[in-house]
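Asks: See query-v9.cif below, with mmCIF, C-alpha atoms and all ligand atoms.
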data_entry
loop_
_atom_site.label_atom_id
_atom_site.label_comp_id
_atom_site.auth_asym_id
_atom_site.auth_seq_id
_atom_site.Cartn_x
_atom_site.Cartn_y
_atom_site.Cartn_z
CA MET A 1 -33.47 -5.05 11.77
CA THR A 2 -29.95 -3.59 12.14
CA THR A 3 -26.93 -5.09 10.44
CA ALA A 4 -23.75 -5.22 12.53
CA LEU A 5 -20.83 -3.58 10.73
CA ASP A 6 -17.83 -5.77 10.01
CA PRO A 7 -15.23 -4.82 12.69
CA ILE A 8 -12.41 -4.80 10.11
CA GLN A 9 -14.34 -2.25 8.01
CA VAL A 10 -14.98 -0.15 11.14
CA MET A 11 -11.25 -0.18 12.01
CA LYS A 12 -10.30 0.75 8.43
CA GLN A 13 -12.72 3.68 8.44
CA GLU A 14 -11.52 4.99 11.79
CA VAL A 15 -7.87 4.82 10.86
CA ALA A 16 -8.58 6.40 7.47
CA ARG A 17 -10.45 9.26 9.15
CA ALA A 18 -7.52 9.85 11.51
CA ALA A 19 -5.05 9.92 8.62
CA ALA A 20 -7.21 12.22 6.48
CA ALA A 21 -7.36 14.64 9.43
CA ARG A 22 -3.56 15.04 9.23
CA VAL A 23 -3.72 16.59 5.77
CA SER A 24 -3.52 20.41 5.73
CA SER A 25 -4.56 22.90 3.07
CA GLY A 26 -2.02 23.42 0.29
CA MET A 27 -0.36 20.02 0.69
CA VAL A 28 0.70 17.69 -2.10
CA VAL A 29 -0.55 14.28 -0.91
CA GLY A 30 0.47 10.80 -2.07
CA LEU A 31 -2.72 8.78 -2.45
CA GLY A 32 -2.24 5.09 -1.68
CA THR A 33 -4.04 2.09 -3.11
CA GLY A 34 -6.36 -0.44 -1.49
CA SER A 35 -9.49 -0.70 0.61
CA THR A 36 -8.17 1.35 3.55
CA THR A 37 -6.85 4.22 1.46
CA ALA A 38 -10.11 4.21 -0.50
CA PHE A 39 -11.68 5.53 2.73
CA VAL A 40 -8.85 8.08 3.10
CA ILE A 41 -9.54 9.42 -0.40
CA GLN A 42 -13.26 9.56 0.35
CA PHE A 43 -12.69 11.47 3.63
CA LEU A 44 -10.31 13.91 1.92
CA GLY A 45 -13.02 14.53 -0.67
CA ASP A 46 -15.52 15.16 2.15
CA ARG A 47 -13.16 17.69 3.75
CA LEU A 48 -12.65 19.50 0.41
CA LYS A 49 -16.39 19.60 -0.20
CA SER A 50 -17.14 21.04 3.25
CA GLY A 51 -14.45 23.72 2.80
CA ASP A 52 -12.47 22.42 5.78
CA LEU A 53 -9.57 21.71 3.40
CA LYS A 54 -8.40 23.73 0.39
CA ASP A 55 -5.92 23.54 -2.48
CA ILE A 56 -4.58 20.03 -2.01
CA LYS A 57 -3.16 18.09 -4.90
CA GLY A 58 -3.01 14.29 -5.05
CA VAL A 59 -0.33 12.07 -6.55
CA PRO A 60 -2.06 8.74 -7.23
CA THR A 61 -0.22 5.45 -6.73
CA SER A 62 -2.44 3.49 -9.13
CA PHE A 63 -5.24 3.64 -11.65
CA GLN A 64 -7.62 2.76 -8.79
CA ALA A 65 -6.40 5.71 -6.69
CA SER A 66 -6.76 8.13 -9.59
CA VAL A 67 -10.30 6.93 -10.36
CA LEU A 68 -11.31 7.39 -6.70
CA ALA A 69 -9.60 10.79 -6.47
CA LYS A 70 -11.53 12.01 -9.51
CA LYS A 71 -14.77 10.64 -8.05
CA TYR A 72 -14.23 12.55 -4.79
CA GLY A 73 -13.00 15.78 -6.41
CA ILE A 74 -9.30 15.68 -5.52
CA PRO A 75 -7.18 17.46 -8.18
CA LEU A 76 -4.33 15.25 -9.40
CA VAL A 77 -0.74 15.99 -10.41
CA THR A 78 2.06 13.84 -11.76
CA LEU A 79 5.64 13.61 -10.52
CA ASP A 80 6.64 15.75 -13.51
CA GLU A 81 4.63 18.61 -12.05
CA VAL A 82 5.71 18.58 -8.39
CA GLU A 83 9.14 18.31 -6.80
CA THR A 84 8.03 17.21 -3.37
CA ILE A 85 5.22 15.26 -1.79
CA ASP A 86 4.37 16.63 1.66
CA LEU A 87 2.56 13.58 2.97
CA ALA A 88 1.79 10.13 1.59
CA ILE A 89 -0.87 7.90 3.12
CA ASP A 90 -0.95 4.24 2.16
CA GLY A 91 -2.11 0.84 3.38
CA ALA A 92 -0.04 -2.29 3.97
CA ASP A 93 -0.46 -6.07 4.04
CA GLU A 94 2.00 -6.62 6.91
CA VAL A 95 3.74 -4.26 9.35
CA ASP A 96 6.58 -5.40 11.63
CA PRO A 97 7.69 -3.73 14.91
CA GLN A 98 10.37 -1.75 13.01
CA LYS A 99 7.61 -0.33 10.73
CA ASN A 100 8.91 -2.33 7.77
CA LEU A 101 6.15 -3.40 5.42
CA ILE A 102 4.97 -5.90 2.89
CA LYS A 103 2.77 -4.20 0.30
CA GLY A 104 1.35 -5.11 -3.08
CA GLY A 105 -1.77 -7.10 -2.21
CA GLY A 106 -3.38 -4.99 -4.92
CA ALA A 107 -0.34 -5.25 -7.24
CA ALA A 108 0.33 -1.51 -6.86
CA HIS A 109 3.58 -1.66 -4.87
CA THR A 110 5.86 -0.35 -7.64
CA ARG A 111 4.19 3.04 -7.96
CA GLU A 112 3.47 3.06 -4.22
CA LYS A 113 7.18 2.69 -3.40
CA ILE A 114 8.07 5.59 -5.69
CA VAL A 115 5.45 7.91 -4.18
CA ASP A 116 5.74 6.77 -0.54
CA ALA A 117 9.54 6.98 -0.55
CA LEU A 118 9.47 10.50 -2.03
CA ALA A 119 7.13 11.85 0.63
CA GLU A 120 8.46 14.09 3.41
CA THR A 121 6.19 12.13 5.76
CA PHE A 122 4.80 8.68 5.06
CA ILE A 123 1.85 7.45 7.14
CA VAL A 124 0.74 3.82 6.95
CA VAL A 125 -2.91 3.05 7.72
CA VAL A 126 -3.82 -0.48 8.81
CA ASP A 127 -6.24 -2.40 10.97
CA SER A 128 -4.64 -4.41 13.77
CA SER A 129 -4.81 -7.69 11.80
CA LYS A 130 -1.85 -6.45 9.69
CA LEU A 131 0.63 -6.37 12.60
CA VAL A 132 3.21 -9.19 12.59
CA ASP A 133 6.33 -9.97 14.62
CA ARG A 134 8.24 -10.81 11.48
CA LEU A 135 7.59 -9.95 7.83
CA GLY A 136 6.44 -12.85 5.68
CA SER A 137 4.55 -14.54 8.54
CA THR A 138 1.19 -14.37 6.82
CA PHE A 139 1.71 -12.75 3.45
CA PRO A 140 3.94 -13.69 0.49
CA VAL A 141 6.25 -11.07 -1.02
CA PRO A 142 4.72 -9.67 -4.24
CA ILE A 143 7.24 -9.14 -7.02
CA GLU A 144 6.35 -7.26 -10.21
CA VAL A 145 8.10 -8.96 -13.13
CA LEU A 146 8.38 -8.26 -16.85
CA PRO A 147 6.27 -10.96 -18.55
CA MET A 148 9.18 -12.31 -20.62
CA ALA A 149 11.20 -12.91 -17.45
CA ILE A 150 8.63 -14.85 -15.38
CA ALA A 151 10.43 -18.21 -15.83
CA PRO A 152 14.02 -17.08 -15.00
CA VAL A 153 12.85 -14.89 -12.11
CA SER A 154 10.83 -17.82 -10.71
CA ARG A 155 13.93 -20.04 -10.86
CA ALA A 156 16.04 -17.34 -9.19
CA VAL A 157 13.64 -16.91 -6.27
CA VAL A 158 13.48 -20.69 -5.75
CA LYS A 159 17.30 -20.62 -5.40
CA LEU A 160 16.81 -17.97 -2.68
CA GLY A 161 14.47 -20.34 -0.80
CA GLY A 162 11.17 -18.84 -2.01
CA GLN A 163 8.09 -20.53 -3.41
CA PRO A 164 6.78 -18.38 -6.29
CA GLU A 165 3.22 -18.42 -7.52
CA LEU A 166 2.01 -16.44 -10.51
CA ARG A 167 -0.86 -14.23 -9.33
CA MET A 168 -4.03 -15.03 -11.24
CA GLY A 169 -7.02 -12.77 -11.78
CA VAL A 170 -10.14 -13.23 -9.67
CA ARG A 171 -12.72 -12.13 -12.21
CA LYS A 172 -10.41 -12.59 -15.18
CA ASP A 173 -8.92 -15.62 -16.90
CA GLY A 174 -5.13 -15.61 -16.86
CA PRO A 175 -2.61 -13.65 -14.81
CA VAL A 176 -3.08 -10.31 -13.08
CA ILE A 177 -1.57 -7.52 -15.21
CA THR A 178 -0.24 -4.50 -13.30
CA ASP A 179 -0.81 -0.83 -14.19
CA GLN A 180 2.59 -1.02 -15.95
CA GLY A 181 1.60 -4.08 -18.04
CA ASN A 182 3.67 -6.56 -16.03
CA MET A 183 2.87 -9.73 -14.02
CA VAL A 184 3.15 -10.49 -10.31
CA LEU A 185 4.86 -13.40 -8.58
CA ASP A 186 3.74 -13.93 -4.97
CA VAL A 187 6.71 -15.50 -3.23
CA LYS A 188 6.37 -17.32 0.09
CA PHE A 189 9.53 -17.46 2.20
CA SER A 190 9.59 -19.71 5.28
CA HIS A 191 11.22 -16.85 7.21
CA ILE A 192 12.62 -13.42 6.36
CA ASP A 193 15.58 -12.71 8.64
CA ASN A 194 16.80 -9.56 6.96
CA PRO A 195 14.07 -7.66 5.04
CA ALA A 196 16.48 -4.95 3.81
CA GLU A 197 18.83 -7.53 2.30
CA LEU A 198 15.99 -9.51 0.71
CA GLU A 199 14.51 -6.31 -0.75
CA ARG A 200 17.83 -5.50 -2.43
CA THR A 201 18.52 -9.09 -3.53
CA LEU A 202 15.13 -9.50 -5.19
CA ASN A 203 15.44 -6.19 -7.03
CA ASN A 204 18.84 -7.28 -8.37
CA ILE A 205 17.33 -10.20 -10.31
CA PRO A 206 17.13 -9.18 -13.99
CA GLY A 207 13.48 -8.85 -15.00
CA VAL A 208 12.26 -7.78 -11.56
CA VAL A 209 10.66 -4.34 -11.67
CA GLU A 210 10.03 -3.92 -7.93
CA ASN A 211 9.18 -6.02 -4.89
CA GLY A 212 6.73 -5.32 -2.08
CA ILE A 213 9.17 -5.13 0.85
CA PHE A 214 9.37 -1.54 2.15
CA VAL A 215 12.25 -0.97 4.59
CA GLY A 216 13.00 2.35 6.28
CA VAL A 217 10.29 4.28 4.44
CA THR A 218 7.56 4.54 7.11
CA ASP A 219 7.38 7.49 9.50
CA TRP A 220 4.13 6.68 11.29
CA VAL A 221 1.77 3.75 11.46
CA LEU A 222 -1.83 4.42 12.43
CA ILE A 223 -3.47 1.23 13.66
CA GLY A 224 -7.22 0.77 13.91
CA GLU A 225 -8.26 -1.42 16.84
CA ILE A 226 -11.41 -2.37 18.70
CA LYS A 227 -11.11 -1.80 22.46
CA ASP A 228 -13.99 -2.45 24.86
CA GLY A 229 -16.26 -2.69 21.84
CA GLN A 230 -15.21 0.75 20.53
CA PRO A 231 -12.93 1.54 17.57
CA ILE A 232 -9.75 3.38 18.55
CA VAL A 233 -6.66 4.52 16.64
CA ARG A 234 -3.22 3.82 18.03
CA GLU A 235 0.02 5.34 16.71
CA MET A 236 3.35 3.56 16.24
O1 LIG B 1 -1.04 -3.05 -3.84
C1 LIG B 1 -1.76 -2.67 -2.93
C2 LIG B 1 -1.30 -2.00 -1.73
O2 LIG B 1 0.01 -2.23 -1.34
C3 LIG B 1 -2.26 -1.92 -0.57
O3 LIG B 1 -1.94 -0.73 0.10
C4 LIG B 1 -2.20 -3.08 0.40
O4 LIG B 1 -2.44 -4.28 -0.30
C5 LIG B 1 -3.21 -2.93 1.55
O5 LIG B 1 -4.50 -2.89 1.04
P1 LIG B 1 -5.79 -2.90 1.97
O6 LIG B 1 -5.85 -1.59 2.66
O7 LIG B 1 -6.93 -3.13 1.01
O8 LIG B 1 -5.66 -4.05 2.93
#
Take the structure in this file and express it as structure tokens.
Ligand SMILES: O=C[C@H](O)[C@H](O)[C@H](O)COP(=O)(O)O
Replies:
Amino acid sequence: MTTALDPIQVMKQEVARAAAARVSSGMVVGLGTGSTTAFVIQFLGDRLKSGDLKDIKGVPTSFQASVLAKKYGIPLVTLDEVETIDLAIDGADEVDPQKNLIKGGGAAHTREKIVDALAETFIVVVDSSKLVDRLGSTFPVPIEVLPMAIAPVSRAVVKLGGQPELRMGVRKDGPVITDQGNMVLDVKFSHIDNPAELERTLNNIPGVVENGIFVGVTDWVLIGEIKDGQPIVREM
């Protein structure tokens, strides 16, 4: 008996393979977080093992990314050790036609924004379900907040028209704690007219560490799709 592969998983793998193929020997590579970039890290490890790729260094965007990089044999460096990142590859929760993003479904958006924004080239890898006409259509905006400021930040986002919800752990009692020891508010907005303005406004609230709106950071989006029953990768 054969088990049909989940089409979303197939699209993620294809797009991850295409992104991993864009890494060249000697590059410093930003390693994103999430289920799609987990495949990227695995494929980079495969290329290193086969000798097709040499001397790359990874800058992880999370504890998860660093654990996977170690598992697949990718040497890691910190931002204290390198001045530039040649290429960053990361996933996203929503992508609009201007290549603006919502990220942070895995609560990693703070480190991701630092690494992705530093990269000479930033490639986003998504399956086609992540494409939206307007940011905020399907996904709330994740905001990393210092624990002591959860109440005032929640009140401030309500004044901006948002509905905040403290992100709770799935296999843990209590709130999700980020790699930096903070908490996450997922904020639903009925519509986001100006993502750049909202990104700045949210980050100006005292107690906010970083929010998951990424404007003007993306160079390329690789989109995994199924066409005529076959997985293909489209570029935007
Ligand atoms: O915090 C997590 C990240 O922003 C992820 O890159 C994003 O949530 C997409 O993850 P996935 O590839 O698992 O859908």
Asks: Of the residues A:Gly105, A:Gly30, A:Pro60, A:Gly212, which is the one nearest to ligand LIG 1 (chain B), using all atoms listed in the file?
Replies: A:Gly105
Asks: Can you pull out every residue with an atom within 7 Å of ligand LIG 1 (chain B)? Use all atoms listed in the file and format it as a PDB file with C-alpha atoms, in the coordinates of the input.
Replies:
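After the write, out03.pdb holds the following:
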ATOM      1  CA  GLY A  32      -2.240   5.090  -1.680  1.00  0.00           C
ATOM      2  CA  THR A  33      -4.040   2.090  -3.110  1.00  0.00           C
ATOM      3  CA  GLY A  34      -6.360  -0.440  -1.490  1.00  0.00           C
ATOM      4  CA  SER A  35      -9.490  -0.700   0.610  1.00  0.00           C
ATOM      5  CA  THR A  36      -8.170   1.350   3.550  1.00  0.00           C
ATOM      6  CA  THR A  37      -6.850   4.220   1.460  1.00  0.00           C
ATOM      7  CA  ASP A  90      -0.950   4.240   2.160  1.00  0.00           C
ATOM      8  CA  GLY A  91      -2.110   0.840   3.380  1.00  0.00           C
ATOM      9  CA  ALA A  92      -0.040  -2.290   3.970  1.00  0.00           C
ATOM     10  CA  ASP A  93      -0.460  -6.070   4.040  1.00  0.00           C
ATOM     11  CA  LYS A 103       2.770  -4.200   0.300  1.00  0.00           C
ATOM     12  CA  GLY A 104       1.350  -5.110  -3.080  1.00  0.00           C
ATOM     13  CA  GLY A 105      -1.770  -7.100  -2.210  1.00  0.00           C
ATOM     14  CA  GLY A 106      -3.380  -4.990  -4.920  1.00  0.00           C
ATOM     15  CA  ALA A 107      -0.340  -5.250  -7.240  1.00  0.00           C
ATOM     16  CA  ALA A 108       0.330  -1.510  -6.860  1.00  0.00           C
ATOM     17  CA  HIS A 109       3.580  -1.660  -4.870  1.00  0.00           C
ATOM     18  CA  GLU A 112       3.470   3.060  -4.220  1.00  0.00           C
ATOM     19  CA  VAL A 126      -3.820  -0.480   8.810  1.00  0.00           C
TER      20      VAL A 126
END
Asks: Skipping near chain neighbours, those fewer than 6 positions away, what residues fall within 6 Å of segment 177-192 of chain A using all atoms listed in the file, listed as an MDAnalysis selection string?
Replies: chainID A and resid 140:147 162:167
Asks: Separation of atom CA of Asn194 of chain A and atom CA of Asn211 of chain A, in Å?
Replies: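 We find that atom CA of Asn194 of chain A and atom CA of Asn211 of chain A lie 14.5 Å from each other.
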Asks: Using all atoms listed in the file, pick whichever of A:Asp96, A:Ile56, A:Glu120, A:Gln230 has the shortest atom-to-atom distance to Thr138 of chain A.
Replies: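 Selected residue with least distance to Thr138 of chain A: A:Asp96.
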Asks: Find the residues near Asp55 of chain A: any atom within 12 Å, counting all atoms listed in the file, skip ones fewer than 6 places away on the same chain, and give them as a list in words.
Replies: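 Answer for this query is Val23, Ser24, Ser25, Gly26, Met27, Val28, Val29, Leu44, Gly45, Arg47, Leu48, Lys49, Gly73, Ile74, Pro75 and Leu76 of chain A.
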